[in-house]
Structures are given as structure tokens and as C-alpha cells.
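Encoded as C-alpha cells, the structure appears first; notes follow it.
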Amino acid sequence: MVLVRYNPWQELNALQRQIDSLFEDFQAPTLARAIAAELHETEEAIHLKLELPGIEAKDVDIEVTENAVKVVAERKEETKTDNNGKTRSEFYYGKFQRVIPLTARIQNTNVKAEYKDGILNLTLPKTEQEKNKIVKINLGEAAA
């Protein structure tokens, strides 16, 4: 007869692994839904770069107002005819959406867009009022 020491942590670790495997399929699509953005502001314009991997240009809709940019994109699921084996995918198929508020007013009629290799580059020229905006700071009031 062999004596085996009881380790309660071993059972908890096994339970944790089982719970993780249950939620594994739900985590990947949630993380993939967000459209990553990079914003760079110059004196003349705001340059917005958005990451849209695996999405064709025809499946991207862009709406630009003076204060925000709204991007809606859709990744369509590829149809597979192979019945052999099992496919596990962490890709998110469906609609993505993101609204990005802008720090300055822009001329939404003069926006330039370029889409290449899954990266959308938007050049958003600022309005003349924003380009010439000067803010005067009174140090006397700030010290009080």
C-alpha cells in the first residue's frame, strides 16, 4: 500500500485550468473587436492611423465630423468546404466600430484617406480658426 499526501492546491489548480479552458473561446474575440488607433497632431492637421488587418477596403465605412471620426468595418467569414478535421479559430468575424473624438476642429470636407496593408491613414486638416488659435495664459491668476 502506497501513501499519497493530499494536496488541496492541486485540485484548485485543476479546477482553474478547466475554468480557463471554458472561457478561452470567449476571450479572443472580445480583445479583437477594438480597432487600434494612433493619433499624431501637428499645427496643420491631425494624422490618424487605424489598424484593420484582414479587412478589404470595400468593407470599411468612414464618417468624419468636425469633432470626431467614426470607423465601421466588417471582416467577413471565409467559407470552408473541408469536412475533415476540426477548425478552431480565434479570429473575430463581424462588424467592428470605433468613434474617436478629436482634440481640434477639422475641415471634414478636405480629409485625405489612404488604405494599404490593413492600415488606414487619415489626414484631417484643421480649420483656420484652430490653426491660428492662440491661448493667452495670465501667470498672476495662476499663482493666487
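Naming works like this for the C-alpha cells: A, B, ... for the chains as they're shown, residue 1 at the start of each chain, ligands 1 onward in shown order.
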
*asked:* Please list as a ChimeraX atom specification every residue within 8 Å of stretch 55-67 of chain A, counting only C-alpha atoms and excluding residues in the same chain fewer than 4 positions away.
replied: /A:71-75,101-108,115,118

_Ranking A:Leu50, A:Glu41, A:Gln10, A:Asn84 by minimum distance to A:Lys70 and counting only C-alpha atoms, which one comes first?_
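Once distances to A:Lys70 are computed over only C-alpha atoms, the minimum belongs to A:Leu50.
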
*Write out as a ChimeraX atom specification all residues of stretch 32-85 of chain A that DSSP puts in strand (DSSP E or B) for this structure's backbone.*
/A:37-41,45-51,60-64,68-75

_DSSP on the backbone: which residues in chain A end up as alpha helix (DSSP H)? Give the answer as a ChimeraX atom specification._
/A:8-32,128-131,139-143

I need the chosen residues saved as a tab-separated table (two decimals), in the first residue's frame, with N, CA, C and O atoms.
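Final file, out.tsv:
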```tsv
chain	number	residue	atom	x	y	z
A	8	PRO	N	-4.42	19.98	-1.45
A	8	PRO	CA	-5.64	20.68	-1.90
A	8	PRO	C	-5.36	21.67	-3.04
A	8	PRO	O	-6.23	21.93	-3.85
A	9	TRP	N	-4.14	22.19	-3.11
A	9	TRP	CA	-3.81	23.15	-4.17
A	9	TRP	C	-3.82	22.49	-5.55
A	9	TRP	O	-4.13	23.13	-6.56
A	10	GLN	N	-3.52	21.22	-5.60
A	10	GLN	CA	-3.51	20.52	-6.87
A	10	GLN	C	-4.93	20.46	-7.47
A	10	GLN	O	-5.12	20.64	-8.66
A	11	GLU	N	-5.91	20.24	-6.61
A	11	GLU	CA	-7.30	20.22	-7.08
A	11	GLU	C	-7.75	21.61	-7.52
A	11	GLU	O	-8.47	21.76	-8.51
A	12	LEU	N	-7.33	22.64	-6.79
A	12	LEU	CA	-7.69	24.00	-7.18
A	12	LEU	C	-7.04	24.38	-8.51
A	12	LEU	O	-7.66	25.05	-9.34
A	13	ASN	N	-5.81	23.98	-8.72
A	13	ASN	CA	-5.13	24.25	-9.99
A	13	ASN	C	-5.85	23.55	-11.15
A	13	ASN	O	-6.00	24.13	-12.24
A	14	ALA	N	-6.29	22.33	-10.94
A	14	ALA	CA	-7.01	21.59	-11.98
A	14	ALA	C	-8.34	22.30	-12.29
A	14	ALA	O	-8.73	22.43	-13.45
A	15	LEU	N	-9.02	22.76	-11.25
A	15	LEU	CA	-10.27	23.48	-11.43
A	15	LEU	C	-10.03	24.79	-12.19
A	15	LEU	O	-10.79	25.14	-13.10
A	16	GLN	N	-8.96	25.50	-11.86
A	16	GLN	CA	-8.62	26.75	-12.54
A	16	GLN	C	-8.36	26.50	-14.03
A	16	GLN	O	-8.81	27.26	-14.88
A	17	ARG	N	-7.65	25.44	-14.36
A	17	ARG	CA	-7.38	25.11	-15.77
A	17	ARG	C	-8.68	24.81	-16.51
A	17	ARG	O	-8.86	25.20	-17.67
A	18	GLN	N	-9.61	24.12	-15.86
A	18	GLN	CA	-10.89	23.81	-16.50
A	18	GLN	C	-11.70	25.09	-16.75
A	18	GLN	O	-12.31	25.25	-17.81
A	19	ILE	N	-11.72	25.98	-15.79
A	19	ILE	CA	-12.45	27.24	-15.95
A	19	ILE	C	-11.81	28.08	-17.06
A	19	ILE	O	-12.51	28.66	-17.89
A	20	ASP	N	-10.48	28.13	-17.08
A	20	ASP	CA	-9.78	28.87	-18.14
A	20	ASP	C	-10.11	28.32	-19.52
A	20	ASP	O	-10.33	29.08	-20.46
A	21	SER	N	-10.18	27.02	-19.65
A	21	SER	CA	-10.48	26.43	-20.96
A	21	SER	C	-11.92	26.73	-21.38
A	21	SER	O	-12.21	26.87	-22.57
A	22	LEU	N	-12.84	26.85	-20.42
A	22	LEU	CA	-14.22	27.20	-20.76
A	22	LEU	C	-14.31	28.61	-21.33
A	22	LEU	O	-15.04	28.87	-22.28
A	23	PHE	N	-13.57	29.54	-20.73
A	23	PHE	CA	-13.66	30.94	-21.14
A	23	PHE	C	-12.67	31.31	-22.24
A	23	PHE	O	-12.71	32.41	-22.74
A	24	GLU	N	-11.81	30.41	-22.62
A	24	GLU	CA	-10.80	30.69	-23.63
A	24	GLU	C	-11.41	31.12	-24.95
A	24	GLU	O	-10.94	32.05	-25.59
A	25	ASP	N	-12.49	30.49	-25.36
A	25	ASP	CA	-13.12	30.83	-26.63
A	25	ASP	C	-13.79	32.19	-26.61
A	25	ASP	O	-13.97	32.81	-27.65
A	26	PHE	N	-14.16	32.67	-25.44
A	26	PHE	CA	-14.84	33.95	-25.35
A	26	PHE	C	-13.86	35.11	-25.26
A	26	PHE	O	-14.20	36.22	-25.59
A	27	GLN	N	-12.64	34.89	-24.82
A	27	GLN	CA	-11.69	35.97	-24.61
A	27	GLN	C	-11.14	36.53	-25.91
A	27	GLN	O	-11.06	37.72	-26.08
A	28	ALA	N	-10.74	35.70	-26.84
A	28	ALA	CA	-10.07	36.17	-28.06
A	28	ALA	C	-10.94	37.12	-28.89
A	28	ALA	O	-10.48	38.17	-29.27
A	29	PRO	N	-12.20	36.79	-29.17
A	29	PRO	CA	-13.00	37.72	-29.97
A	29	PRO	C	-13.21	39.06	-29.27
A	29	PRO	O	-13.26	40.08	-29.93
A	30	THR	N	-13.33	39.07	-27.96
A	30	THR	CA	-13.56	40.32	-27.24
A	30	THR	C	-12.36	41.24	-27.41
A	30	THR	O	-12.52	42.43	-27.63
A	31	LEU	N	-11.17	40.69	-27.32
A	31	LEU	CA	-9.97	41.51	-27.47
A	31	LEU	C	-9.80	41.99	-28.90
A	31	LEU	O	-9.27	43.06	-29.14
A	32	ALA	N	-10.23	41.21	-29.86
A	32	ALA	CA	-10.01	41.54	-31.26
A	32	ALA	C	-10.99	42.59	-31.78
A	32	ALA	O	-10.77	43.14	-32.85
A	128	GLU	N	-9.18	76.84	-40.09
A	128	GLU	CA	-8.31	78.02	-39.96
A	128	GLU	C	-8.34	78.59	-38.55
A	128	GLU	O	-7.33	79.05	-38.04
A	129	GLN	N	-9.51	78.52	-37.88
A	129	GLN	CA	-9.60	79.03	-36.51
A	129	GLN	C	-8.70	78.23	-35.58
A	129	GLN	O	-8.09	78.76	-34.67
A	130	GLU	N	-8.63	76.92	-35.79
A	130	GLU	CA	-7.80	76.06	-34.94
A	130	GLU	C	-6.32	76.29	-35.22
A	130	GLU	O	-5.50	76.25	-34.32
A	131	LYS	N	-5.97	76.53	-36.48
A	131	LYS	CA	-4.56	76.76	-36.82
A	131	LYS	C	-4.05	78.04	-36.19
A	131	LYS	O	-2.92	78.11	-35.72
A	139	LEU	N	-0.18	84.53	-15.72
A	139	LEU	CA	0.50	83.90	-14.59
A	139	LEU	C	0.11	84.51	-13.25
A	139	LEU	O	0.23	83.85	-12.23
A	140	GLY	N	-0.38	85.74	-13.24
A	140	GLY	CA	-0.81	86.38	-11.99
A	140	GLY	C	-1.96	85.63	-11.35
A	140	GLY	O	-2.01	85.44	-10.14
A	141	GLU	N	-2.92	85.18	-12.15
A	141	GLU	CA	-4.07	84.44	-11.63
A	141	GLU	C	-3.70	83.01	-11.24
A	141	GLU	O	-4.27	82.44	-10.34
A	142	ALA	N	-2.73	82.44	-11.92
A	142	ALA	CA	-2.33	81.07	-11.65
A	142	ALA	C	-1.62	80.94	-10.29
A	142	ALA	O	-1.69	79.93	-9.63
A	143	ALA	N	-0.91	81.99	-9.89
A	143	ALA	CA	-0.15	81.94	-8.64
A	143	ALA	C	-1.05	82.15	-7.43
A	143	ALA	O	-0.69	81.76	-6.31
```

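Proximity to A:Leu39 was assessed for A:Asn132, A:Glu77, A:Glu90, A:Val69 counting only C-alpha atoms; the smallest distance is recorded for A:Val69.
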
*asked:* Just want the 7 Å neighbourhood of A:Ile35, counted on only C-alpha atoms, with same-chain residues fewer than 3 positions away dropped. Output as a ChimeraX atom specification.
replied: /A:50-52,98

Can you write out the residues you just picked, keeping all heavy atoms, as a CSV table (one decimal), in the first residue's frame?
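After the write, selection.csv holds the following:
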```
chain,number,residue,atom,x,y,z
A,50,LEU,N,-5.2,53.9,-38.3
A,50,LEU,CA,-6.1,52.8,-37.7
A,50,LEU,C,-5.6,51.5,-38.2
A,50,LEU,O,-5.3,51.3,-39.4
A,50,LEU,CB,-7.5,53.0,-38.0
A,50,LEU,CG,-8.1,54.3,-37.5
A,50,LEU,CD1,-9.4,54.7,-38.2
A,50,LEU,CD2,-8.4,54.2,-36.0
A,51,GLU,N,-5.6,50.5,-37.4
A,51,GLU,CA,-5.2,49.1,-37.8
A,51,GLU,C,-6.4,48.3,-38.0
A,51,GLU,O,-7.2,48.0,-37.2
A,51,GLU,CB,-4.4,48.5,-36.6
A,51,GLU,CG,-3.7,47.3,-36.9
A,51,GLU,CD,-2.8,46.8,-35.7
A,51,GLU,OE1,-3.4,46.7,-34.6
A,51,GLU,OE2,-1.7,46.5,-35.9
A,52,LEU,N,-6.5,47.8,-39.3
A,52,LEU,CA,-7.7,47.0,-39.7
A,52,LEU,C,-7.2,45.8,-40.5
A,52,LEU,O,-7.4,45.6,-41.7
A,52,LEU,CB,-8.6,47.8,-40.6
A,52,LEU,CG,-9.2,49.1,-40.0
A,52,LEU,CD1,-9.8,50.0,-41.1
A,52,LEU,CD2,-10.2,48.8,-39.0
A,98,ARG,N,-15.6,52.0,-34.1
A,98,ARG,CA,-14.9,52.9,-33.1
A,98,ARG,C,-15.2,54.3,-33.5
A,98,ARG,O,-15.1,54.7,-34.7
A,98,ARG,CB,-13.4,52.6,-33.2
A,98,ARG,CG,-12.7,53.5,-32.2
A,98,ARG,CD,-11.6,52.8,-31.5
A,98,ARG,NE,-11.0,53.7,-30.6
A,98,ARG,CZ,-9.7,53.6,-30.2
A,98,ARG,NH1,-8.9,52.7,-30.7
A,98,ARG,NH2,-9.2,54.5,-29.3
```

*Mind checking which residues fall within 6 Å of A:Thr123, counting only C-alpha atoms, ignoring those fewer than 3 positions away in the same chain, and posting them as an NGL selection string?*
:A and (47 or 111-112)

Go ahead and write the residues just picked, N, CA, C and O atoms, as a PDB file, in the first residue's frame.
```pdb
ATOM      1  N   HIS A  47      -3.241  63.557 -37.787  1.00  0.00           N
ATOM      2  CA  HIS A  47      -2.989  62.349 -38.567  1.00  0.00           C
ATOM      3  C   HIS A  47      -3.450  61.157 -37.734  1.00  0.00           C
ATOM      4  O   HIS A  47      -2.945  60.934 -36.639  1.00  0.00           O
ATOM      5  N   VAL A 111     -10.682  65.839 -45.996  1.00  0.00           N
ATOM      6  CA  VAL A 111      -9.977  64.707 -45.399  1.00  0.00           C
ATOM      7  C   VAL A 111      -9.376  63.844 -46.504  1.00  0.00           C
ATOM      8  O   VAL A 111     -10.011  63.582 -47.517  1.00  0.00           O
ATOM      9  N   LYS A 112      -8.133  63.406 -46.287  1.00  0.00           N
ATOM     10  CA  LYS A 112      -7.472  62.505 -47.228  1.00  0.00           C
ATOM     11  C   LYS A 112      -7.309  61.150 -46.563  1.00  0.00           C
ATOM     12  O   LYS A 112      -6.941  61.069 -45.393  1.00  0.00           O
TER      13      LYS A 112
END
```

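Across A:Ala36, A:Ile137, A:Leu48, A:Val99, the tightest approach to A:Glu114 is made by A:Leu48 when counting only C-alpha atoms.
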
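Distance check against A:Tyr93 using only C-alpha atoms: of A:Asn7, A:Leu122, A:Lys133, A:Gly54, the minimum falls on A:Gly54.
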